[in-house]
$ cat data.cif   # mmCIF, C-alpha atoms
data_upload
#
loop_
_atom_site.label_atom_id
_atom_site.label_comp_id
_atom_site.auth_asym_id
_atom_site.auth_seq_id
_atom_site.Cartn_x
_atom_site.Cartn_y
_atom_site.Cartn_z
CA MET T 1 22.79 2.44 18.01
CA LYS T 2 21.51 -0.24 15.65
CA TYR T 3 18.06 0.94 14.52
CA SER T 4 16.38 4.27 13.88
CA ILE T 5 12.63 3.96 13.36
CA ILE T 6 11.41 6.84 11.18
CA VAL T 7 7.70 7.65 11.03
CA PRO T 8 6.20 10.51 8.98
CA VAL T 9 2.86 11.66 10.42
CA TYR T 10 0.00 13.71 9.06
CA ASN T 11 -2.99 14.33 11.34
CA ARG T 12 -2.91 10.91 13.02
CA PRO T 13 -2.15 11.31 16.75
CA ASP T 14 -4.28 8.30 17.75
CA GLU T 15 -2.44 6.02 15.33
CA VAL T 16 0.93 7.25 16.58
CA ASP T 17 -0.17 6.41 20.12
CA GLU T 18 -0.89 2.80 19.11
CA LEU T 19 2.38 2.48 17.21
CA LEU T 20 4.45 3.87 20.10
CA GLN T 21 2.67 1.59 22.56
CA SER T 22 3.62 -1.42 20.43
CA LEU T 23 7.24 -0.24 20.39
CA THR T 24 7.35 -0.33 24.20
CA THR T 25 6.78 -4.10 24.09
CA GLN T 26 9.68 -4.95 21.75
CA THR T 27 12.06 -7.60 23.04
CA THR T 28 14.98 -5.73 21.44
CA SER T 29 15.79 -2.30 22.89
CA ASP T 30 18.66 -0.98 20.75
CA PHE T 31 16.62 1.58 18.81
CA GLU T 32 15.43 5.16 18.69
CA VAL T 33 12.17 6.56 17.32
CA VAL T 34 12.09 9.61 15.05
CA ILE T 35 8.62 11.12 14.57
CA VAL T 36 8.34 13.71 11.78
CA GLU T 37 5.16 15.79 11.88
CA ASP T 38 4.46 16.77 8.26
CA GLY T 39 2.63 20.07 8.78
CA SER T 40 -0.31 18.52 10.63
CA SER T 41 -3.22 20.53 11.99
CA LEU T 42 -3.69 17.75 14.58
CA PRO T 43 -0.15 17.33 15.96
CA CYS T 44 0.99 14.32 17.98
CA GLU T 45 3.63 16.07 20.10
CA ASP T 46 1.69 15.48 23.33
CA VAL T 47 1.41 11.80 22.46
CA CYS T 48 5.17 11.55 21.90
CA GLN T 49 5.90 13.30 25.19
CA ARG T 50 3.90 10.65 27.07
CA TYR T 51 6.40 8.04 25.86
CA SER T 52 9.58 10.03 26.52
CA ASP T 53 10.32 7.97 29.65
CA LYS T 54 9.72 4.65 27.90
CA LEU T 55 11.35 5.20 24.50
CA ASP T 56 14.32 7.05 23.05
CA ILE T 57 11.99 9.28 21.04
CA HIS T 58 12.68 12.43 19.01
CA TYR T 59 9.85 14.63 17.72
CA PHE T 60 10.19 17.10 14.83
CA ASN T 61 7.59 19.39 13.25
CA LYS T 62 8.06 20.75 9.72
CA PRO T 63 5.99 22.27 6.89
CA ASN T 64 4.05 19.79 4.75
CA SER T 65 6.08 18.25 1.93
CA GLY T 66 4.72 14.71 1.63
CA PRO T 67 5.86 11.45 3.23
CA GLY T 68 9.00 10.90 1.13
CA GLN T 69 10.62 14.19 2.04
CA SER T 70 9.53 13.81 5.65
CA ARG T 71 11.33 10.45 5.80
CA ASN T 72 14.46 12.12 4.42
CA TYR T 73 14.12 14.83 7.06
CA GLY T 74 14.00 12.18 9.76
CA ALA T 75 16.88 10.19 8.25
CA GLU T 76 19.12 13.26 8.37
CA ARG T 77 18.54 13.44 12.13
CA ALA T 78 18.73 9.71 12.87
CA HIS T 79 21.70 7.88 14.41
CA GLY T 80 21.07 4.19 13.76
CA ASP T 81 23.10 1.86 11.55
CA TYR T 82 19.82 0.78 9.93
CA LEU T 83 16.88 3.05 9.16
CA LEU T 84 13.48 1.42 9.58
CA VAL T 85 10.75 3.33 7.77
CA LEU T 86 7.19 2.72 8.99
CA ASP T 87 3.82 4.27 8.26
CA SER T 88 1.97 5.79 11.19
CA ASP T 89 -0.96 3.37 10.70
CA VAL T 90 0.98 0.22 11.59
CA VAL T 91 1.21 -1.66 14.87
CA LEU T 92 4.16 -3.94 15.64
CA PRO T 93 4.08 -7.39 17.20
CA GLU T 94 6.52 -7.69 20.10
CA GLY T 95 8.94 -9.81 18.07
CA TYR T 96 9.23 -7.41 15.12
CA LEU T 97 12.74 -6.09 15.83
CA LYS T 98 13.99 -9.50 16.95
CA ALA T 99 12.83 -10.94 13.62
CA ILE T 100 14.91 -8.31 11.82
CA ASP T 101 17.89 -9.06 14.07
CA ASP T 102 17.61 -12.77 13.36
CA GLU T 103 17.43 -12.28 9.58
CA LEU T 104 20.41 -9.91 9.51
CA GLN T 105 22.47 -12.35 11.56
CA ARG T 106 21.52 -15.20 9.25
CA LYS T 107 22.34 -13.27 6.07
CA ASP T 108 23.24 -9.62 5.63
CA ALA T 109 21.15 -7.23 3.51
CA ASP T 110 21.46 -3.64 2.31
CA ALA T 111 17.69 -3.19 2.28
CA PHE T 112 14.74 -5.28 3.37
CA GLY T 113 11.06 -5.25 4.17
CA GLY T 114 8.29 -7.38 5.57
CA PRO T 115 4.64 -8.18 4.87
CA ASP T 116 1.53 -6.90 6.62
CA ALA T 117 -1.56 -8.41 8.18
CA ALA T 118 -4.87 -7.44 9.78
CA HIS T 119 -5.18 -7.35 13.56
CA GLU T 120 -8.20 -8.74 15.44
CA SER T 121 -8.96 -5.23 16.72
CA PHE T 122 -9.29 -3.78 13.22
CA THR T 123 -12.74 -2.81 12.01
CA PRO T 124 -14.54 -5.08 9.51
CA VAL T 125 -13.83 -2.55 6.75
CA GLN T 126 -10.12 -2.49 7.59
CA LYS T 127 -10.00 -6.29 7.57
CA ALA T 128 -11.80 -6.34 4.20
CA ILE T 129 -9.34 -3.83 2.77
CA SER T 130 -6.42 -5.85 4.14
CA TYR T 131 -7.84 -8.93 2.45
CA SER T 132 -8.21 -7.16 -0.90
CA MET T 133 -4.59 -5.97 -0.78
CA THR T 134 -3.11 -9.39 0.00
CA SER T 135 -5.44 -11.97 -1.55
CA PHE T 136 -4.45 -14.17 -4.48
CA PHE T 137 -7.78 -13.33 -6.13
CA THR T 138 -7.10 -9.58 -6.16
CA THR T 139 -3.35 -9.01 -6.28
CA GLY T 140 -2.10 -12.51 -6.97
CA GLY T 141 -0.75 -12.54 -3.42
CA ILE T 142 2.27 -10.45 -4.44
CA ARG T 143 1.82 -8.19 -1.38
CA GLY T 144 1.22 -11.02 1.03
CA GLY T 145 4.84 -11.80 1.84
CA LYS T 146 5.42 -14.64 -0.62
CA LYS T 147 8.99 -15.79 -1.22
CA LYS T 148 8.36 -16.82 -4.81
CA LEU T 149 9.00 -13.39 -6.31
CA ASP T 150 12.22 -12.92 -8.28
CA LYS T 151 12.77 -9.55 -6.63
CA PHE T 152 11.32 -8.07 -3.49
CA TYR T 153 10.59 -4.33 -3.55
CA PRO T 154 10.15 -3.01 0.00
CA ARG T 155 7.24 -0.65 0.58
CA SER T 156 7.38 2.33 2.89
CA PHE T 157 4.88 0.96 5.41
CA ASN T 158 7.58 -1.56 6.46
CA MET T 159 11.00 -0.88 4.97
CA GLY T 160 14.53 -1.14 6.30
CA ILE T 161 17.77 0.07 4.73
CA ARG T 162 21.38 0.36 5.77
CA ARG T 163 22.12 3.97 6.72
CA GLU T 164 25.13 4.22 4.39
CA VAL T 165 23.06 3.01 1.43
CA TYR T 166 20.26 5.47 2.23
CA GLN T 167 22.71 8.37 2.28
CA ARG T 168 24.54 7.24 -0.86
CA LEU T 169 21.29 6.99 -2.86
CA GLY T 170 19.91 10.27 -1.56
CA GLY T 171 16.86 8.78 0.11
CA PHE T 172 13.36 9.16 -1.30
CA SER T 173 12.74 11.20 -4.43
CA LYS T 174 10.32 14.11 -4.66
CA MET T 175 7.63 11.95 -6.22
CA ARG T 176 4.45 12.50 -4.19
CA PHE T 177 3.16 8.98 -4.82
CA GLY T 178 5.09 5.81 -5.65
CA GLU T 179 8.22 7.25 -4.05
CA ASP T 180 8.86 4.03 -2.14
CA ILE T 181 8.83 1.89 -5.29
CA ASP T 182 11.06 4.47 -6.98
CA PHE T 183 13.50 4.14 -4.08
CA SER T 184 13.40 0.33 -4.24
CA ILE T 185 14.15 0.43 -7.97
CA ARG T 186 17.13 2.69 -7.35
CA ILE T 187 18.34 0.31 -4.62
CA PHE T 188 18.39 -2.55 -7.13
CA LYS T 189 19.98 -0.42 -9.85
CA ALA T 190 22.79 0.45 -7.43
CA GLY T 191 23.60 -3.25 -7.11
CA CYS T 192 22.48 -3.48 -3.49
CA HIS T 193 21.21 -6.67 -1.88
CA CYS T 194 17.52 -6.49 -0.97
CA ARG T 195 15.52 -9.24 0.79
CA LEU T 196 12.09 -10.08 2.14
CA PHE T 197 12.04 -10.75 5.90
CA PRO T 198 8.84 -12.83 6.14
CA GLU T 199 8.76 -12.87 9.95
CA ALA T 200 9.22 -9.09 10.26
CA TRP T 201 5.55 -8.39 9.60
CA VAL T 202 3.34 -5.59 10.86
CA TRP T 203 -0.34 -5.05 11.45
CA HIS T 204 -1.33 -2.46 8.86
CA LYS T 205 -4.57 -0.52 9.24
CA ARG T 206 -4.53 1.00 5.74
CA ARG T 207 -7.51 3.28 5.03
CA THR T 208 -10.45 3.42 7.40
CA ASP T 209 -13.19 3.68 4.75
CA PHE T 210 -13.71 2.88 1.08
CA ARG T 211 -13.58 6.53 -0.02
CA LYS T 212 -10.06 6.99 1.38
CA PHE T 213 -9.09 3.56 0.10
CA PHE T 214 -10.17 4.54 -3.42
CA ARG T 215 -8.00 7.67 -3.24
CA GLN T 216 -5.04 5.56 -2.16
CA VAL T 217 -5.29 2.98 -4.93
CA PHE T 218 -6.22 5.56 -7.58
CA ASN T 219 -2.99 7.40 -6.82
CA SER T 220 -1.11 4.10 -6.88
CA GLY T 221 -2.37 3.53 -10.42
CA ILE T 222 -1.15 6.98 -11.42
CA ALA T 223 2.18 6.35 -9.74
CA ARG T 224 2.69 3.13 -11.70
CA ILE T 225 2.59 5.03 -15.01
CA ASN T 226 4.84 7.77 -13.61
CA LEU T 227 7.30 5.04 -12.62
CA TYR T 228 7.02 3.46 -16.08
CA LYS T 229 8.01 6.77 -17.66
CA LYS T 230 11.14 6.84 -15.47
CA TYR T 231 11.90 3.11 -15.62
CA PRO T 232 10.21 1.44 -18.62
CA GLU T 233 11.47 -1.98 -17.55
CA SER T 234 9.59 -1.70 -14.23
CA LEU T 235 6.16 -2.24 -15.83
CA LYS T 236 5.15 -5.90 -15.58
CA LEU T 237 2.13 -7.82 -16.81
CA VAL T 238 0.69 -7.98 -13.31
CA HIS T 239 0.53 -4.17 -13.19
CA LEU T 240 -1.81 -4.17 -16.20
CA LEU T 241 -4.36 -6.54 -14.66
CA PRO T 242 -6.37 -3.96 -12.65
CA ALA T 243 -6.78 -1.86 -15.82
CA VAL T 244 -7.87 -4.95 -17.75
CA PHE T 245 -10.29 -5.79 -14.94
CA THR T 246 -11.70 -2.25 -14.97
CA VAL T 247 -12.27 -2.25 -18.72
CA GLY T 248 -13.63 -5.80 -18.54
CA VAL T 249 -16.20 -4.96 -15.87
CA CYS T 250 -17.37 -1.91 -17.82
CA LEU T 251 -17.71 -4.00 -21.00
CA LEU T 252 -19.60 -6.78 -19.20
CA VAL T 253 -22.07 -4.28 -17.75
CA LEU T 254 -22.48 -2.62 -21.15
CA VAL T 255 -23.04 -5.93 -22.95
CA SER T 256 -25.58 -6.96 -20.32
CA ALA T 257 -27.44 -3.65 -20.70
CA VAL T 258 -27.53 -4.06 -24.50
CA GLY T 259 -28.88 -7.60 -24.12
CA ARG T 260 -31.58 -6.42 -21.75
CA ALA T 261 -32.63 -3.64 -24.12
CA MET T 262 -32.71 -5.97 -27.12
CA MET T 263 -34.98 -8.39 -25.25
CA HIS T 264 -37.71 -5.76 -25.68
CA TYR T 265 -36.92 -4.69 -29.26
CA ASP T 266 -36.23 -8.13 -30.80
CA ALA T 267 -38.83 -10.41 -29.28
CA ALA T 268 -38.21 -13.08 -31.93
CA ASN T 269 -34.70 -13.65 -30.54
CA TRP T 270 -35.65 -13.10 -26.91
CA ARG T 271 -33.87 -16.20 -25.65
CA MET T 272 -30.55 -15.24 -27.32
CA TRP T 273 -30.67 -11.73 -25.90
CA TYR T 274 -31.58 -13.14 -22.50
CA TRP T 275 -28.28 -15.02 -22.39
CA VAL T 276 -26.42 -11.96 -23.73
CA CYS T 277 -27.83 -10.10 -20.73
CA ALA T 278 -27.35 -12.90 -18.19
CA VAL T 279 -23.88 -14.32 -18.96
CA PRO T 280 -21.89 -11.13 -18.14
CA LEU T 281 -23.79 -10.77 -14.88
CA LEU T 282 -23.16 -14.42 -14.04
CA LEU T 283 -19.43 -13.93 -14.61
CA LEU T 284 -19.39 -10.96 -12.24
CA LEU T 285 -21.50 -12.89 -9.73
CA PHE T 286 -19.08 -15.82 -9.86
CA TYR T 287 -16.14 -13.53 -9.05
CA CYS T 288 -18.09 -11.94 -6.20
CA LEU T 289 -18.95 -15.35 -4.75
CA LEU T 290 -15.32 -16.42 -5.01
CA ILE T 291 -14.15 -13.37 -3.05
CA PHE T 292 -16.99 -13.72 -0.56
CA ALA T 293 -16.30 -17.40 0.15
CA ASP T 294 -12.52 -17.04 0.40
CA SER T 295 -12.61 -13.98 2.65
CA SER T 296 -15.41 -15.36 4.84
CA LEU T 297 -13.40 -18.51 5.49
CA LYS T 298 -10.13 -16.70 6.14
CA ASN T 299 -11.70 -14.06 8.39
CA ARG T 300 -14.35 -16.36 9.86
CA SER T 301 -16.97 -13.72 9.21
CA LEU T 302 -19.73 -13.46 6.62
CA ARG T 303 -19.85 -9.71 7.12
CA ILE T 304 -16.17 -9.28 6.32
CA GLY T 305 -16.71 -11.58 3.34
CA MET T 306 -19.40 -9.25 1.98
CA LEU T 307 -17.28 -6.16 2.64
CA SER T 308 -14.34 -7.84 0.91
CA VAL T 309 -16.34 -8.00 -2.31
CA ALA T 310 -16.76 -4.23 -2.21
CA ALA T 311 -13.11 -3.75 -1.20
CA ALA T 312 -11.92 -5.91 -4.12
CA PHE T 313 -13.85 -3.86 -6.67
CA VAL T 314 -12.73 -0.56 -5.10
CA GLN T 315 -9.11 -1.71 -5.10
CA LEU T 316 -9.01 -3.10 -8.65
CA MET T 317 -11.15 -0.46 -10.32
CA GLY T 318 -9.62 2.41 -8.34
CA TYR T 319 -6.11 1.36 -9.31
CA GLY T 320 -7.21 0.57 -12.85
CA SER T 321 -8.90 3.96 -13.27
CA GLY T 322 -5.81 5.82 -12.06
CA PHE T 323 -3.60 3.70 -14.29
CA LEU T 324 -5.77 4.33 -17.39
CA GLN T 325 -6.08 8.05 -16.73
CA ALA T 326 -2.33 8.40 -16.28
CA TRP T 327 -1.65 6.24 -19.35
CA TRP T 328 -3.93 8.44 -21.48
CA ARG T 329 -2.39 11.66 -20.23
CA ARG T 330 1.28 10.65 -20.16
CA CYS T 331 1.63 7.98 -22.86
CA VAL T 332 -0.98 9.09 -25.38
CA ARG T 333 -1.15 12.85 -24.89
CA LYS T 334 2.53 13.09 -23.83
CA LYS T 335 1.84 15.30 -20.82
CA ASP T 336 4.13 15.80 -17.83
CA GLU T 337 3.96 13.85 -14.57
CA PHE T 338 0.83 14.51 -12.54
CA GLN T 339 -1.08 13.36 -9.49
CA ALA T 340 -4.54 13.58 -7.95
CA PHE T 341 -6.06 14.01 -4.48
CA GLU T 342 -2.82 15.60 -3.30
CA LYS T 343 -4.50 17.90 -0.81
CA THR T 344 -6.72 15.27 0.82
CA PHE T 345 -4.88 11.96 0.44
CA TYR T 346 -3.07 12.16 3.77
CA LYS T 347 -5.99 13.41 5.89
#
$ encode --input "data.cif" --output "structure tokens"
Amino acid sequence: MKYSIIVPVYNRPDEVDELLQSLTTQTTSDFEVVIVEDGSSLPCEDVCQRYSDKLDIHYFNKPNSGPGQSRNYGAERAHGDYLLVLDSDVVLPEGYLKAIDDELQRKDADAFGGPDAAHESFTPVQKAISYSMTSFFTTGGIRGGKKKLDKFYPRSFNMGIRREVYQRLGGFSKMRFGEDIDFSIRIFKAGCHCRLFPEAWVWHKRRTDFRKFFRQVFNSGIARINLYKKYPESLKLVHLLPAVFTVGVCLLVLVSAVGRAMMHYDAANWRMWYWVCAVPLLLLLFYCLLIFADSSLKNRSLRIGMLSVAAAFVQLMGYGSGFLQAWWRRCVRKKDEFQAFEKTFYK
């Protein structure tokens, strides 16, 4: 067997149904599906049974241990030459596996991954979140499947790895968050060949509301510092930008508030304080209009454009807040590794 598709699941039977349905339409059939229920209170076993006559599917239920260890659990029970790790909230186009086949035939790889996109059926909030995670104006486009990066680090929502390499490296670590980046770093350190497969993309739902999205990106910010403590060379300038943005927004709001207050207390210099109040707000407004215009054009929707403004601020400031909190605790106060939202992040 060529491929084993491994999917950790936590309380998402409806999403698993959509993912399995998309697997039934694949033009390549040499694969099995390994579903690992990670201690869910809403299991998806009945959903998996409905596809038992359409897919080579294997369902396992285990106590909760987080997605990384659940992937390892599935990998130990998989039979494919390549292990394809997917999140439960993705849907596959019918040519997904064929795109992987084509890339491997063109040039071999020890590990690989593909980009993600928003599907037409996604809610406006999901489309706005997808925009914020892939736009040049929020992430520099580094998650949008660009080939210009010097190294491509596969993420666990769409990651493939040769079975022998997975076993040799011991799979995912026990990190609760950032475990996929940790694994990618170890893949590179082992001298393995890792590539982006731009045509092996998935539709990725991500979080369904801004509260859950904030939890996700906040933990990602924490994970970045935890990764820095393990691999100092992994921290790049681009990883600092959300923290800079977060501090910058707070300073702009503070400066504007001071200017507004001084307009009342220093009437003689009213005009100067007016501009002290107005300029920071104009800078923020300009950024909001930039996001709004770009997203509205790309999504052909003014509503999604407006929601994308909120999604951009949630993404950047959520990540930046987690990053700064972890930096203060781990780098300044020299505390041990930590995480937040552990009990609710996967619900």
$ residues_around --input "data.cif" --residues "Lys54 in chain T" --least-positions-apart "5" --cutoff "12 Å" --atoms "only C-alpha atoms" --output "ChimeraX atom specification"
/T:20-26,29,31-33,48-49
$ residues_around --input "data.cif" --residues "Ile291 in chain T" --least-positions-apart "4" --cutoff "8 Å" --atoms "all atoms listed in the file" --output "list in words"
Phe137, Tyr287, Ser295, Gly305, Ser308, Val309 and Ala312 of chain T
$ atom_distance --input "data.cif" --atom1 "CA of Glu76 in chain T" --atom2 "CA of Arg224 in chain T"
27.8 Å
$ closest_residue --input "data.cif" --among "T:Gly178, T:Gly113, T:Pro13, T:Gly80" --to "Asn219 in chain T" --atoms "all atoms listed in the file"
T:Gly178
$ closest_atom_pairs --input "data.cif" --of "range 298-344 of chain T" --to "range 117-130 of chain T" --cutoff "10 Å" --atoms "only C-alpha atoms" --output "tab-separated table"
residue	atom	partner	partner_atom	distance
T:Asn299	CA	T:Lys127	CA	8.0
T:Ser301	CA	T:Pro124	CA	9.0
T:Arg303	CA	T:Pro124	CA	7.4
T:Ile304	CA	T:Pro124	CA	5.5
T:Gly305	CA	T:Ala128	CA	7.2
T:Met306	CA	T:Ala128	CA	8.4
T:Leu307	CA	T:Ala128	CA	5.7
T:Ser308	CA	T:Ala128	CA	4.4
T:Val309	CA	T:Ala128	CA	8.1
T:Ala310	CA	T:Ala128	CA	8.4
T:Ala311	CA	T:Ile129	CA	5.5
T:Ala312	CA	T:Ile129	CA	7.6
T:Val314	CA	T:Ile129	CA	9.2
T:Gln315	CA	T:Ile129	CA	8.2
$ write_last_selection --input "data.cif" --atoms "C-alpha atoms" --output "mmCIF file, keeping the file's coordinate frame"
data_model
loop_
_atom_site.group_PDB
_atom_site.id
_atom_site.type_symbol
_atom_site.label_atom_id
_atom_site.label_comp_id
_atom_site.auth_asym_id
_atom_site.auth_seq_id
_atom_site.Cartn_x
_atom_site.Cartn_y
_atom_site.Cartn_z
ATOM 1 C CA ASN T 299 -11.700 -14.060 8.390
ATOM 2 C CA SER T 301 -16.970 -13.720 9.210
ATOM 3 C CA ARG T 303 -19.850 -9.710 7.120
ATOM 4 C CA ILE T 304 -16.170 -9.280 6.320
ATOM 5 C CA GLY T 305 -16.710 -11.580 3.340
ATOM 6 C CA MET T 306 -19.400 -9.250 1.980
ATOM 7 C CA LEU T 307 -17.280 -6.160 2.640
ATOM 8 C CA SER T 308 -14.340 -7.840 0.910
ATOM 9 C CA VAL T 309 -16.340 -8.000 -2.310
ATOM 10 C CA ALA T 310 -16.760 -4.230 -2.210
ATOM 11 C CA ALA T 311 -13.110 -3.750 -1.200
ATOM 12 C CA ALA T 312 -11.920 -5.910 -4.120
ATOM 13 C CA VAL T 314 -12.730 -0.560 -5.100
ATOM 14 C CA GLN T 315 -9.110 -1.710 -5.100
#
$ residues_around --input "data.cif" --residues "range 271-275 of chain T" --least-positions-apart "5" --cutoff "9 Å" --atoms "only C-alpha atoms" --output "VMD selection string"
chain T and resid 256 258 to 263 266 280
$ atom_distance --input "data.cif" --atom1 "CA of Tyr96 in chain T" --atom2 "CA of Ala200 in chain T"
5.1 Å
$ residues_near_point --input "data.cif" --point "(5.3, 9.9, 13.2)" --cutoff "8 Å" --atoms "all atoms listed in the file" --output "list in words"
Ile6, Val7, Pro8, Val9, Tyr10, Val16, Val34, Ile35, Val36, Glu37, Cys44, Tyr59, Asp87 and Ser88 of chain T
$ atom_distance --input "data.cif" --atom1 "CA of Phe313 in chain T" --atom2 "CA of Leu251 in chain T"
14.8 Å
$ closest_residue --input "data.cif" --among "T:Ala111, T:Phe136, T:Glu179, T:Gln216" --to "Cys194 in chain T" --atoms "only C-alpha atoms"
T:Ala111
$ resolve_selection --input "data.cif" --expression "the PyMOL selection byres ((chain T and resi 67) around 12)" --output "PyMOL selection string"
chain T and resi 6-10+35-40+62-66+68-74+85-88+156-157+171-180+342+345-346
$ write_last_selection --input "data.cif" --atoms "C-alpha atoms" --output "mmCIF file, in the frame of the given file"
data_model
loop_
_atom_site.group_PDB
_atom_site.id
_atom_site.type_symbol
_atom_site.label_atom_id
_atom_site.label_comp_id
_atom_site.auth_asym_id
_atom_site.auth_seq_id
_atom_site.Cartn_x
_atom_site.Cartn_y
_atom_site.Cartn_z
ATOM 1 C CA ILE T 6 11.410 6.840 11.180
ATOM 2 C CA VAL T 7 7.700 7.650 11.030
ATOM 3 C CA PRO T 8 6.200 10.510 8.980
ATOM 4 C CA VAL T 9 2.860 11.660 10.420
ATOM 5 C CA TYR T 10 0.000 13.710 9.060
ATOM 6 C CA ILE T 35 8.620 11.120 14.570
ATOM 7 C CA VAL T 36 8.340 13.710 11.780
ATOM 8 C CA GLU T 37 5.160 15.790 11.880
ATOM 9 C CA ASP T 38 4.460 16.770 8.260
ATOM 10 C CA GLY T 39 2.630 20.070 8.780
ATOM 11 C CA SER T 40 -0.310 18.520 10.630
ATOM 12 C CA LYS T 62 8.060 20.750 9.720
ATOM 13 C CA PRO T 63 5.990 22.270 6.890
ATOM 14 C CA ASN T 64 4.050 19.790 4.750
ATOM 15 C CA SER T 65 6.080 18.250 1.930
ATOM 16 C CA GLY T 66 4.720 14.710 1.630
ATOM 17 C CA GLY T 68 9.000 10.900 1.130
ATOM 18 C CA GLN T 69 10.620 14.190 2.040
ATOM 19 C CA SER T 70 9.530 13.810 5.650
ATOM 20 C CA ARG T 71 11.330 10.450 5.800
ATOM 21 C CA ASN T 72 14.460 12.120 4.420
ATOM 22 C CA TYR T 73 14.120 14.830 7.060
ATOM 23 C CA GLY T 74 14.000 12.180 9.760
ATOM 24 C CA VAL T 85 10.750 3.330 7.770
ATOM 25 C CA LEU T 86 7.190 2.720 8.990
ATOM 26 C CA ASP T 87 3.820 4.270 8.260
ATOM 27 C CA SER T 88 1.970 5.790 11.190
ATOM 28 C CA SER T 156 7.380 2.330 2.890
ATOM 29 C CA PHE T 157 4.880 0.960 5.410
ATOM 30 C CA GLY T 171 16.860 8.780 0.110
ATOM 31 C CA PHE T 172 13.360 9.160 -1.300
ATOM 32 C CA SER T 173 12.740 11.200 -4.430
ATOM 33 C CA LYS T 174 10.320 14.110 -4.660
ATOM 34 C CA MET T 175 7.630 11.950 -6.220
ATOM 35 C CA ARG T 176 4.450 12.500 -4.190
ATOM 36 C CA PHE T 177 3.160 8.980 -4.820
ATOM 37 C CA GLY T 178 5.090 5.810 -5.650
ATOM 38 C CA GLU T 179 8.220 7.250 -4.050
ATOM 39 C CA ASP T 180 8.860 4.030 -2.140
ATOM 40 C CA GLU T 342 -2.820 15.600 -3.300
ATOM 41 C CA PHE T 345 -4.880 11.960 0.440
ATOM 42 C CA TYR T 346 -3.070 12.160 3.770
#
$ residues_around --input "data.cif" --residues "Leu83 in chain T" --least-positions-apart "6" --cutoff "9 Å" --atoms "all atoms listed in the file" --output "number ranges by chain"
T: 2-6, 75, 159-163, 166
$ closest_residue --input "data.cif" --among "T:Phe60, T:Trp327, T:Phe188, T:Trp203" --to "Asp89 in chain T" --atoms "all atoms listed in the file"
T:Trp203
$ closest_residue --input "data.cif" --among "T:Ala278, T:Ile185, T:Val165, T:Cys192" --to "Pro232 in chain T" --atoms "all atoms listed in the file"
T:Ile185
$ residues_around --input "data.cif" --residues "Ile225 in chain T" --least-positions-apart "6" --cutoff "8 Å" --atoms "only C-alpha atoms" --output "list in words"
Phe323, Ala326, Trp327 and Arg330 of chain T
$ resolve_selection --input "data.cif" --expression "the PyMOL selection byres ((chain T and resi 115) around 12)" --output "VMD selection string"
chain T and resid 86 90 92 96 112 to 114 116 to 118 130 133 to 134 141 to 147 152 to 159 195 to 204
$ closest_residue --input "data.cif" --among "T:Ala243, T:Leu104, T:Ala223, T:Leu237" --to "His193 in chain T" --atoms "all atoms listed in the file"
T:Leu104
$ closest_residue --input "data.cif" --among "T:Ser220, T:Ser135, T:Asn226, T:Ser41" --to "Cys331 in chain T" --atoms "only C-alpha atoms"
T:Asn226
